[in-house]
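Next comes run-v7.json, a file with JSON, C-alpha atoms.
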[["chain", "number", "residue", "atom", "x", "y", "z"],
["A", 1, "MET", "CA", 17.17, 2.31, 14.11],
["A", 2, "LYS", "CA", 17.34, 0.78, 10.63],
["A", 3, "ALA", "CA", 14.11, -0.26, 8.92],
["A", 4, "LYS", "CA", 15.35, -3.83, 8.48],
["A", 5, "ASP", "CA", 15.76, -4.12, 12.27],
["A", 6, "PHE", "CA", 12.06, -3.50, 12.88],
["A", 7, "ASN", "CA", 10.44, -6.63, 14.36],
["A", 8, "PHE", "CA", 6.69, -6.69, 13.86],
["A", 9, "GLN", "CA", 6.25, -9.74, 16.10],
["A", 10, "LYS", "CA", 7.63, -7.88, 19.11],
["A", 11, "GLU", "CA", 5.35, -4.89, 18.46],
["A", 12, "LEU", "CA", 2.08, -6.85, 18.46],
["A", 13, "LYS", "CA", 0.22, -7.30, 21.74],
["A", 14, "TYR", "CA", -2.49, -9.93, 22.15],
["A", 15, "SER", "CA", -5.16, -9.70, 24.84],
["A", 16, "PHE", "CA", -7.54, -12.63, 25.08],
["A", 17, "GLU", "CA", -9.27, -10.89, 28.01],
["A", 18, "THR", "CA", -10.30, -7.86, 25.93],
["A", 19, "GLY", "CA", -10.48, -9.60, 22.56],
["A", 20, "GLN", "CA", -8.02, -7.13, 21.06],
["A", 21, "VAL", "CA", -4.77, -7.22, 19.14],
["A", 22, "THR", "CA", -2.84, -3.94, 19.16],
["A", 23, "LEU", "CA", 0.13, -2.53, 17.30],
["A", 24, "LYS", "CA", 1.46, 0.33, 19.43],
["A", 25, "ASN", "CA", -1.56, 2.65, 19.72],
["A", 26, "SER", "CA", -3.75, 1.01, 17.08],
["A", 27, "ARG", "CA", -6.11, -1.93, 17.25],
["A", 28, "VAL", "CA", -5.52, -4.35, 14.37],
["A", 29, "LEU", "CA", -7.55, -7.23, 12.96],
["A", 30, "ILE", "CA", -6.47, -10.60, 11.64],
["A", 31, "LEU", "CA", -8.67, -11.50, 8.67],
["A", 32, "ASP", "CA", -8.59, -14.38, 6.19],
["A", 33, "THR", "CA", -7.62, -13.17, 2.70],
["A", 34, "ASN", "CA", -10.46, -15.24, 1.23],
["A", 35, "ALA", "CA", -12.94, -13.11, 3.18],
["A", 36, "ILE", "CA", -11.37, -9.93, 1.76],
["A", 37, "GLY", "CA", -11.35, -11.49, -1.70],
["A", 38, "LEU", "CA", -15.06, -12.36, -1.46],
["A", 39, "LEU", "CA", -15.87, -8.85, -0.20],
["A", 40, "ARG", "CA", -13.90, -7.42, -3.13],
["A", 41, "TYR", "CA", -15.76, -9.67, -5.57],
["A", 42, "ASN", "CA", -19.18, -8.72, -4.16],
["A", 43, "LEU", "CA", -18.33, -5.03, -4.30],
["A", 44, "ILE", "CA", -17.23, -5.35, -7.93],
["A", 45, "GLU", "CA", -20.46, -7.16, -8.81],
["A", 46, "LEU", "CA", -22.54, -4.56, -6.95],
["A", 47, "LEU", "CA", -20.70, -1.31, -7.74],
["A", 48, "GLY", "CA", -18.49, -2.13, -10.72],
["A", 49, "MET", "CA", -14.74, -2.41, -11.11],
["A", 50, "GLU", "CA", -13.97, 1.33, -11.12],
["A", 51, "ALA", "CA", -15.95, 2.20, -7.98],
["A", 52, "THR", "CA", -14.48, -0.77, -6.11],
["A", 53, "ARG", "CA", -11.01, 0.24, -7.20],
["A", 54, "ALA", "CA", -11.59, 3.71, -5.71],
["A", 55, "LEU", "CA", -12.78, 2.21, -2.40],
["A", 56, "PHE", "CA", -9.76, -0.10, -2.09],
["A", 57, "LEU", "CA", -7.37, 2.71, -3.05],
["A", 58, "GLN", "CA", -8.88, 4.87, -0.30],
["A", 59, "LEU", "CA", -8.80, 2.04, 2.25],
["A", 60, "GLY", "CA", -5.13, 1.39, 1.48],
["A", 61, "TYR", "CA", -4.27, 5.10, 1.54],
["A", 62, "ILE", "CA", -5.77, 5.66, 4.99],
["A", 63, "ASN", "CA", -4.03, 2.52, 6.28],
["A", 64, "GLY", "CA", -0.64, 3.55, 4.90],
["A", 65, "TYR", "CA", -0.93, 7.16, 6.03],
["A", 66, "SER", "CA", -1.96, 6.24, 9.59],
["A", 67, "ASP", "CA", 0.72, 3.53, 9.85],
["A", 68, "PHE", "CA", 3.37, 6.06, 8.87],
["A", 69, "MET", "CA", 2.20, 8.69, 11.35],
["A", 70, "GLN", "CA", 2.17, 6.15, 14.17],
["A", 71, "PHE", "CA", 5.68, 4.88, 13.51],
["A", 72, "LYS", "CA", 7.07, 8.36, 12.93],
["A", 73, "THR", "CA", 6.01, 9.30, 16.47],
["A", 74, "THR", "CA", 6.84, 6.02, 18.24],
["A", 75, "HIS", "CA", 10.19, 5.03, 16.71],
["A", 76, "GLU", "CA", 13.47, 6.74, 15.92],
["A", 77, "PHE", "CA", 15.23, 5.87, 12.67],
["A", 78, "ASP", "CA", 18.79, 6.53, 11.53],
["A", 79, "ASP", "CA", 17.63, 8.77, 8.66],
["A", 80, "ASP", "CA", 14.65, 9.61, 6.44],
["A", 81, "ASN", "CA", 15.32, 6.82, 3.96],
["A", 82, "GLU", "CA", 15.10, 4.26, 6.76],
["A", 83, "LEU", "CA", 11.69, 5.63, 7.75],
["A", 84, "LEU", "CA", 10.51, 5.60, 4.12],
["A", 85, "THR", "CA", 11.59, 2.01, 3.52],
["A", 86, "LEU", "CA", 9.77, 0.84, 6.64],
["A", 87, "GLY", "CA", 6.60, 1.09, 4.50],
["A", 88, "PRO", "CA", 7.52, -1.87, 2.26],
["A", 89, "ILE", "CA", 8.75, -3.73, 5.33],
["A", 90, "MET", "CA", 5.39, -3.19, 7.05],
["A", 91, "HIS", "CA", 3.59, -4.52, 3.96],
["A", 92, "SER", "CA", 5.76, -7.63, 4.14],
["A", 93, "TRP", "CA", 5.29, -8.15, 7.90],
["A", 94, "GLU", "CA", 1.53, -7.69, 7.64],
["A", 95, "GLY", "CA", 1.26, -10.56, 5.13],
["A", 96, "VAL", "CA", -0.07, -8.31, 2.36],
["A", 97, "VAL", "CA", 2.84, -8.78, -0.05],
["A", 98, "LYS", "CA", 6.62, -9.15, -0.07],
["A", 99, "ALA", "CA", 7.73, -5.64, -1.04],
["A", 100, "VAL", "CA", 11.24, -5.19, -2.42],
["A", 101, "PRO", "CA", 12.41, -1.60, -3.11],
["A", 102, "LYS", "CA", 14.49, -0.99, -6.25],
["A", 103, "GLU", "CA", 15.19, 2.72, -6.61],
["A", 104, "ILE", "CA", 14.77, 5.82, -4.42],
["A", 105, "ARG", "CA", 15.39, 9.39, -5.63],
["A", 106, "ILE", "CA", 14.23, 12.22, -3.39],
["A", 107, "ASP", "CA", 14.85, 15.96, -3.30],
["A", 108, "LYS", "CA", 12.34, 17.53, -0.92],
["A", 109, "ASN", "CA", 13.56, 21.06, -1.69],
["A", 110, "LYS", "CA", 12.76, 20.59, -5.39],
["A", 111, "GLY", "CA", 9.60, 18.58, -4.74],
["A", 112, "GLU", "CA", 11.09, 15.56, -6.52],
["A", 113, "PHE", "CA", 10.20, 12.03, -5.46],
["A", 114, "TYR", "CA", 10.62, 8.66, -7.16],
["A", 115, "PHE", "CA", 10.39, 5.30, -5.43],
["A", 116, "SER", "CA", 10.07, 1.96, -7.24],
["A", 117, "GLY", "CA", 10.11, -1.72, -6.42],
["A", 118, "VAL", "CA", 8.72, -5.20, -6.88],
["A", 119, "TRP", "CA", 5.76, -6.86, -5.17],
["A", 120, "ILE", "CA", 5.97, -10.64, -4.71],
["A", 121, "GLY", "CA", 2.93, -12.72, -3.75],
["A", 122, "SER", "CA", 0.30, -9.96, -3.73],
["A", 123, "TYR", "CA", -2.81, -11.20, -1.91],
["A", 124, "GLU", "CA", -4.90, -8.86, -4.04],
["A", 125, "ALA", "CA", -3.68, -10.17, -7.39],
["A", 126, "GLU", "CA", -4.22, -13.72, -6.12],
["A", 127, "GLN", "CA", -7.77, -12.96, -5.03],
["A", 128, "HIS", "CA", -8.59, -11.13, -8.26],
["A", 129, "LEU", "CA", -7.57, -14.13, -10.35],
["A", 130, "ILE", "CA", -9.74, -16.49, -8.30],
["A", 131, "TYR", "CA", -12.83, -14.67, -9.59],
["A", 132, "TYR", "CA", -11.78, -13.00, -12.84],
["A", 133, "LYS", "CA", -9.55, -13.35, -15.85],
["A", 134, "PRO", "CA", -6.60, -10.92, -16.04],
["A", 135, "TRP", "CA", -7.90, -7.36, -16.24],
["A", 136, "SER", "CA", -6.64, -4.69, -18.63],
["A", 137, "GLU", "CA", -5.26, -2.57, -15.74],
["A", 138, "PRO", "CA", -3.40, -3.20, -12.45],
["A", 139, "VAL", "CA", -5.53, -4.79, -9.73],
["A", 140, "CYS", "CA", -3.45, -4.39, -6.53],
["A", 141, "TRP", "CA", -5.53, -1.41, -5.48],
["A", 142, "SER", "CA", -5.15, -1.53, -1.71],
["A", 143, "LEU", "CA", -1.37, -2.01, -2.15],
["A", 144, "MET", "CA", -1.16, 1.06, -4.38],
["A", 145, "GLY", "CA", -3.29, 2.99, -1.90],
["A", 146, "TYR", "CA", -1.11, 1.98, 1.05],
["A", 147, "SER", "CA", 2.08, 2.94, -0.78],
["A", 148, "SER", "CA", 0.55, 6.27, -1.81],
["A", 149, "GLY", "CA", -0.55, 7.00, 1.77],
["A", 150, "TRP", "CA", 2.72, 6.00, 3.43],
["A", 151, "SER", "CA", 4.84, 7.95, 0.94],
["A", 152, "SER", "CA", 2.56, 11.00, 1.00],
["A", 153, "ALA", "CA", 2.77, 11.17, 4.79],
["A", 154, "PHE", "CA", 6.55, 10.84, 4.55],
["A", 155, "PHE", "CA", 6.97, 13.49, 1.82],
["A", 156, "GLY", "CA", 4.43, 15.97, 3.16],
["A", 157, "SER", "CA", 2.48, 16.22, -0.09],
["A", 158, "LYS", "CA", 0.39, 13.93, -2.30],
["A", 159, "LEU", "CA", 2.17, 11.10, -4.07],
["A", 160, "ILE", "CA", 0.59, 8.45, -6.27],
["A", 161, "ALA", "CA", 1.69, 4.82, -6.50],
["A", 162, "ILE", "CA", 0.82, 2.91, -9.69],
["A", 163, "GLU", "CA", 1.73, -0.60, -10.75],
["A", 164, "SER", "CA", 3.68, -0.66, -13.99],
["A", 165, "LEU", "CA", 3.39, -4.47, -14.07],
["A", 166, "CYS", "CA", 0.75, -6.63, -12.37],
["A", 167, "ILE", "CA", 0.11, -10.36, -12.24],
["A", 168, "GLY", "CA", -3.59, -9.48, -12.14],
["A", 169, "LYS", "CA", -3.34, -8.13, -15.69],
["A", 170, "GLY", "CA", -1.28, -11.00, -17.02],
["A", 171, "ASP", "CA", 2.28, -9.89, -16.27],
["A", 172, "ASP", "CA", 4.68, -12.40, -14.71],
["A", 173, "HIS", "CA", 5.21, -10.23, -11.61],
["A", 174, "CYS", "CA", 4.10, -6.95, -10.00],
["A", 175, "GLU", "CA", 6.15, -3.74, -10.02],
["A", 176, "TRP", "CA", 5.30, -0.32, -8.59],
["A", 177, "GLU", "CA", 6.38, 3.29, -8.97],
["A", 178, "ILE", "CA", 5.54, 6.26, -6.74],
["A", 179, "GLN", "CA", 5.70, 9.87, -7.99],
["A", 180, "PRO", "CA", 3.94, 13.21, -7.55],
["A", 181, "PRO", "CA", 0.61, 13.39, -9.44],
["A", 182, "GLU", "CA", 1.87, 16.01, -11.88],
["A", 183, "VAL", "CA", 4.75, 13.80, -13.00],
["A", 184, "TRP", "CA", 2.50, 10.95, -14.10],
["A", 185, "ASP", "CA", 0.88, 10.92, -17.52],
["A", 186, "TYR", "CA", -2.55, 12.24, -16.51],
["A", 187, "GLU", "CA", -4.62, 9.78, -18.53],
["A", 188, "LYS", "CA", -2.72, 6.86, -17.01],
["A", 189, "ALA", "CA", -2.92, 8.24, -13.47],
["A", 190, "LYS", "CA", -6.41, 9.80, -13.56],
["A", 191, "PRO", "CA", -8.30, 6.94, -11.80],
["A", 192, "TYR", "CA", -5.78, 6.95, -8.95],
["A", 193, "ILE", "CA", -5.54, 10.74, -8.64],
["A", 194, "GLU", "CA", -9.34, 11.10, -8.70],
["A", 195, "ALA", "CA", -9.88, 8.35, -6.11],
["A", 196, "LEU", "CA", -7.42, 10.00, -3.70],
["A", 197, "LYS", "CA", -8.08, 13.69, -4.36],
["A", 198, "GLU", "CA", -10.00, 14.18, -1.08],
["A", 199, "PHE", "CA", -7.19, 12.71, 1.04]]

Whole structure, structure tokens version:
Amino acid sequence: MKAKDFNFQKELKYSFETGQVTLKNSRVLILDTNAIGLLRYNLIELLGMEATRALFLQLGYINGYSDFMQFKTTHEFDDDNELLTLGPIMHSWEGVVKAVPKEIRIDKNKGEFYFSGVWIGSYEAEQHLIYYKPWSEPVCWSLMGYSSGWSSAFFGSKLIAIESLCIGKGDDHCEWEIQPPEVWDYEKAKPYIEALKEF
């Protein structure tokens, strides 16, 4: 199967009798983005920007990692690249963001990985700007976490996704790059590496 042929609508099962929505073996929730945005705001006000960033990175990472493992075991894809690019497709289907890959370079034998793309209509950047002025750093934390988790599960070792451009910091669009931790400039990547070091 090719990643573009995946149809999220056909995979979802709704049960009014049990009050559950499931995606294959996982229960999923449908939540209003304004509720997530308000939760994010309250966490920032309570814990600070850095601690909230770490929580949303971790939430996204677990979500991306578990999504990957589920689809790896329940679907067959034409090749590894198709399985990898299902991650951005899942983000798009789930209403989180329209994810458009740009470049993929992988050599598992050499431990080399590079994956980049554009995010269009990030819910997280939108919600951030409802409450705050543009920040000095990227704000699509759960998106970066999800991309890190999905790609790490795919590659078999830790990878870190960081936005190089973000509407939430005043750029005209969002772009992301995913690489091994040691490839990133440590000072730039430190908050993301530290937040995900236990995963």

State, in Å with one decimal place, the distance from atom CA of A:Gln9 to atom CA of A:Ile89.
12.6 Å

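Atom CA of A:Asp171 sits 24.2 Å away from atom CA of A:Ala195.
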
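Near stretch 101-106 of chain A, within 10 Å and counting all atoms listed in the file, sit Asn81, Leu84, Thr85, Gly87, Pro88, Ile89, Gly111, Glu112, Phe113, Tyr114, Phe115, Ser116, Gly117, Val118, Trp119, Phe155, Glu175, Trp176, Glu177, Ile178 and Gln179 of chain A; same-chain residues fewer than 5 positions away were not included.
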
Exercise: stretch 36-47 of chain A partners within 9 Å, only C-alpha atoms, chain neighbours under 3 positions left out, as a list of chain:residue names:
A:Leu31, A:Asp32, A:Thr33, A:Glu50, A:Ala51, A:Thr52, A:Arg53, A:Phe56, A:Tyr123, A:Glu124, A:Glu126, A:Gln127, A:His128, A:Ile130, A:Tyr131, A:Tyr132

In Å to one decimal, how far is atom CA of A:Phe8 from atom CA of A:Thr22?
11.2 Å

Atoms added to stretch 12-40 of chain A (N, CA and C atoms), reported as a PDB file, in the frame of the given file:
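Result saved to out.pdb:
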ATOM      1  N   LEU A  12       3.464  -6.442  18.296  1.00  0.00           N
ATOM      2  CA  LEU A  12       2.080  -6.850  18.460  1.00  0.00           C
ATOM      3  C   LEU A  12       1.799  -7.282  19.900  1.00  0.00           C
ATOM      4  N   LYS A  13       0.652  -6.887  20.415  1.00  0.00           N
ATOM      5  CA  LYS A  13       0.220  -7.300  21.740  1.00  0.00           C
ATOM      6  C   LYS A  13      -1.141  -7.976  21.628  1.00  0.00           C
ATOM      7  N   TYR A  14      -1.253  -9.161  22.194  1.00  0.00           N
ATOM      8  CA  TYR A  14      -2.490  -9.930  22.150  1.00  0.00           C
ATOM      9  C   TYR A  14      -3.133  -9.932  23.532  1.00  0.00           C
ATOM     10  N   SER A  15      -4.431  -9.654  23.569  1.00  0.00           N
ATOM     11  CA  SER A  15      -5.160  -9.700  24.840  1.00  0.00           C
ATOM     12  C   SER A  15      -6.426 -10.538  24.657  1.00  0.00           C
ATOM     13  N   PHE A  16      -6.369 -11.756  25.137  1.00  0.00           N
ATOM     14  CA  PHE A  16      -7.540 -12.630  25.080  1.00  0.00           C
ATOM     15  C   PHE A  16      -8.658 -12.061  25.952  1.00  0.00           C
ATOM     16  N   GLU A  17      -8.283 -11.416  27.069  1.00  0.00           N
ATOM     17  CA  GLU A  17      -9.270 -10.890  28.010  1.00  0.00           C
ATOM     18  C   GLU A  17     -10.142  -9.803  27.370  1.00  0.00           C
ATOM     19  N   THR A  18      -9.535  -8.948  26.551  1.00  0.00           N
ATOM     20  CA  THR A  18     -10.300  -7.860  25.930  1.00  0.00           C
ATOM     21  C   THR A  18     -10.710  -8.171  24.496  1.00  0.00           C
ATOM     22  N   GLY A  19     -10.172  -9.271  23.946  1.00  0.00           N
ATOM     23  CA  GLY A  19     -10.480  -9.600  22.560  1.00  0.00           C
ATOM     24  C   GLY A  19      -9.856  -8.636  21.573  1.00  0.00           C
ATOM     25  N   GLN A  20      -8.669  -8.129  21.916  1.00  0.00           N
ATOM     26  CA  GLN A  20      -8.020  -7.130  21.060  1.00  0.00           C
ATOM     27  C   GLN A  20      -6.580  -7.517  20.754  1.00  0.00           C
ATOM     28  N   VAL A  21      -6.171  -7.159  19.538  1.00  0.00           N
ATOM     29  CA  VAL A  21      -4.770  -7.220  19.140  1.00  0.00           C
ATOM     30  C   VAL A  21      -4.371  -5.785  18.819  1.00  0.00           C
ATOM     31  N   THR A  22      -3.261  -5.322  19.391  1.00  0.00           N
ATOM     32  CA  THR A  22      -2.840  -3.940  19.160  1.00  0.00           C
ATOM     33  C   THR A  22      -1.424  -3.875  18.627  1.00  0.00           C
ATOM     34  N   LEU A  23      -1.196  -2.861  17.823  1.00  0.00           N
ATOM     35  CA  LEU A  23       0.130  -2.530  17.300  1.00  0.00           C
ATOM     36  C   LEU A  23       0.406  -1.108  17.748  1.00  0.00           C
ATOM     37  N   LYS A  24       1.252  -0.969  18.770  1.00  0.00           N
ATOM     38  CA  LYS A  24       1.460   0.330  19.430  1.00  0.00           C
ATOM     39  C   LYS A  24       0.105   0.876  19.871  1.00  0.00           C
ATOM     40  N   ASN A  25      -0.328   2.005  19.273  1.00  0.00           N
ATOM     41  CA  ASN A  25      -1.560   2.650  19.720  1.00  0.00           C
ATOM     42  C   ASN A  25      -2.781   2.273  18.902  1.00  0.00           C
ATOM     43  N   SER A  26      -2.643   1.349  17.976  1.00  0.00           N
ATOM     44  CA  SER A  26      -3.750   1.010  17.080  1.00  0.00           C
ATOM     45  C   SER A  26      -4.232  -0.412  17.280  1.00  0.00           C
ATOM     46  N   ARG A  27      -5.530  -0.580  17.246  1.00  0.00           N
ATOM     47  CA  ARG A  27      -6.110  -1.930  17.250  1.00  0.00           C
ATOM     48  C   ARG A  27      -6.035  -2.479  15.822  1.00  0.00           C
ATOM     49  N   VAL A  28      -5.615  -3.726  15.688  1.00  0.00           N
ATOM     50  CA  VAL A  28      -5.520  -4.350  14.370  1.00  0.00           C
ATOM     51  C   VAL A  28      -6.381  -5.618  14.359  1.00  0.00           C
ATOM     52  N   LEU A  29      -6.728  -6.053  13.148  1.00  0.00           N
ATOM     53  CA  LEU A  29      -7.550  -7.230  12.960  1.00  0.00           C
ATOM     54  C   LEU A  29      -6.790  -8.268  12.152  1.00  0.00           C
ATOM     55  N   ILE A  30      -7.034  -9.518  12.431  1.00  0.00           N
ATOM     56  CA  ILE A  30      -6.470 -10.600  11.640  1.00  0.00           C
ATOM     57  C   ILE A  30      -7.621 -11.211  10.843  1.00  0.00           C
ATOM     58  N   LEU A  31      -7.592 -11.046   9.524  1.00  0.00           N
ATOM     59  CA  LEU A  31      -8.670 -11.500   8.670  1.00  0.00           C
ATOM     60  C   LEU A  31      -8.130 -12.470   7.617  1.00  0.00           C
ATOM     61  N   ASP A  32      -8.929 -13.448   7.244  1.00  0.00           N
ATOM     62  CA  ASP A  32      -8.590 -14.380   6.190  1.00  0.00           C
ATOM     63  C   ASP A  32      -8.638 -13.652   4.836  1.00  0.00           C
ATOM     64  N   THR A  33      -7.633 -13.854   3.999  1.00  0.00           N
ATOM     65  CA  THR A  33      -7.620 -13.170   2.700  1.00  0.00           C
ATOM     66  C   THR A  33      -8.798 -13.593   1.829  1.00  0.00           C
ATOM     67  N   ASN A  34      -9.304 -14.808   2.017  1.00  0.00           N
ATOM     68  CA  ASN A  34     -10.460 -15.240   1.230  1.00  0.00           C
ATOM     69  C   ASN A  34     -11.699 -14.407   1.557  1.00  0.00           C
ATOM     70  N   ALA A  35     -11.815 -13.971   2.805  1.00  0.00           N
ATOM     71  CA  ALA A  35     -12.940 -13.110   3.180  1.00  0.00           C
ATOM     72  C   ALA A  35     -12.816 -11.756   2.480  1.00  0.00           C
ATOM     73  N   ILE A  36     -11.588 -11.200   2.458  1.00  0.00           N
ATOM     74  CA  ILE A  36     -11.370  -9.930   1.760  1.00  0.00           C
ATOM     75  C   ILE A  36     -11.610 -10.100   0.266  1.00  0.00           C
ATOM     76  N   GLY A  37     -11.154 -11.229  -0.281  1.00  0.00           N
ATOM     77  CA  GLY A  37     -11.350 -11.490  -1.700  1.00  0.00           C
ATOM     78  C   GLY A  37     -12.827 -11.593  -2.061  1.00  0.00           C
ATOM     79  N   LEU A  38     -13.619 -12.243  -1.205  1.00  0.00           N
ATOM     80  CA  LEU A  38     -15.060 -12.360  -1.460  1.00  0.00           C
ATOM     81  C   LEU A  38     -15.741 -10.996  -1.329  1.00  0.00           C
ATOM     82  N   LEU A  39     -15.335 -10.208  -0.330  1.00  0.00           N
ATOM     83  CA  LEU A  39     -15.870  -8.850  -0.200  1.00  0.00           C
ATOM     84  C   LEU A  39     -15.555  -8.043  -1.462  1.00  0.00           C
ATOM     85  N   ARG A  40     -14.328  -8.136  -1.908  1.00  0.00           N
ATOM     86  CA  ARG A  40     -13.900  -7.420  -3.130  1.00  0.00           C
ATOM     87  C   ARG A  40     -14.745  -7.841  -4.318  1.00  0.00           C
TER      88      ARG A  40
END
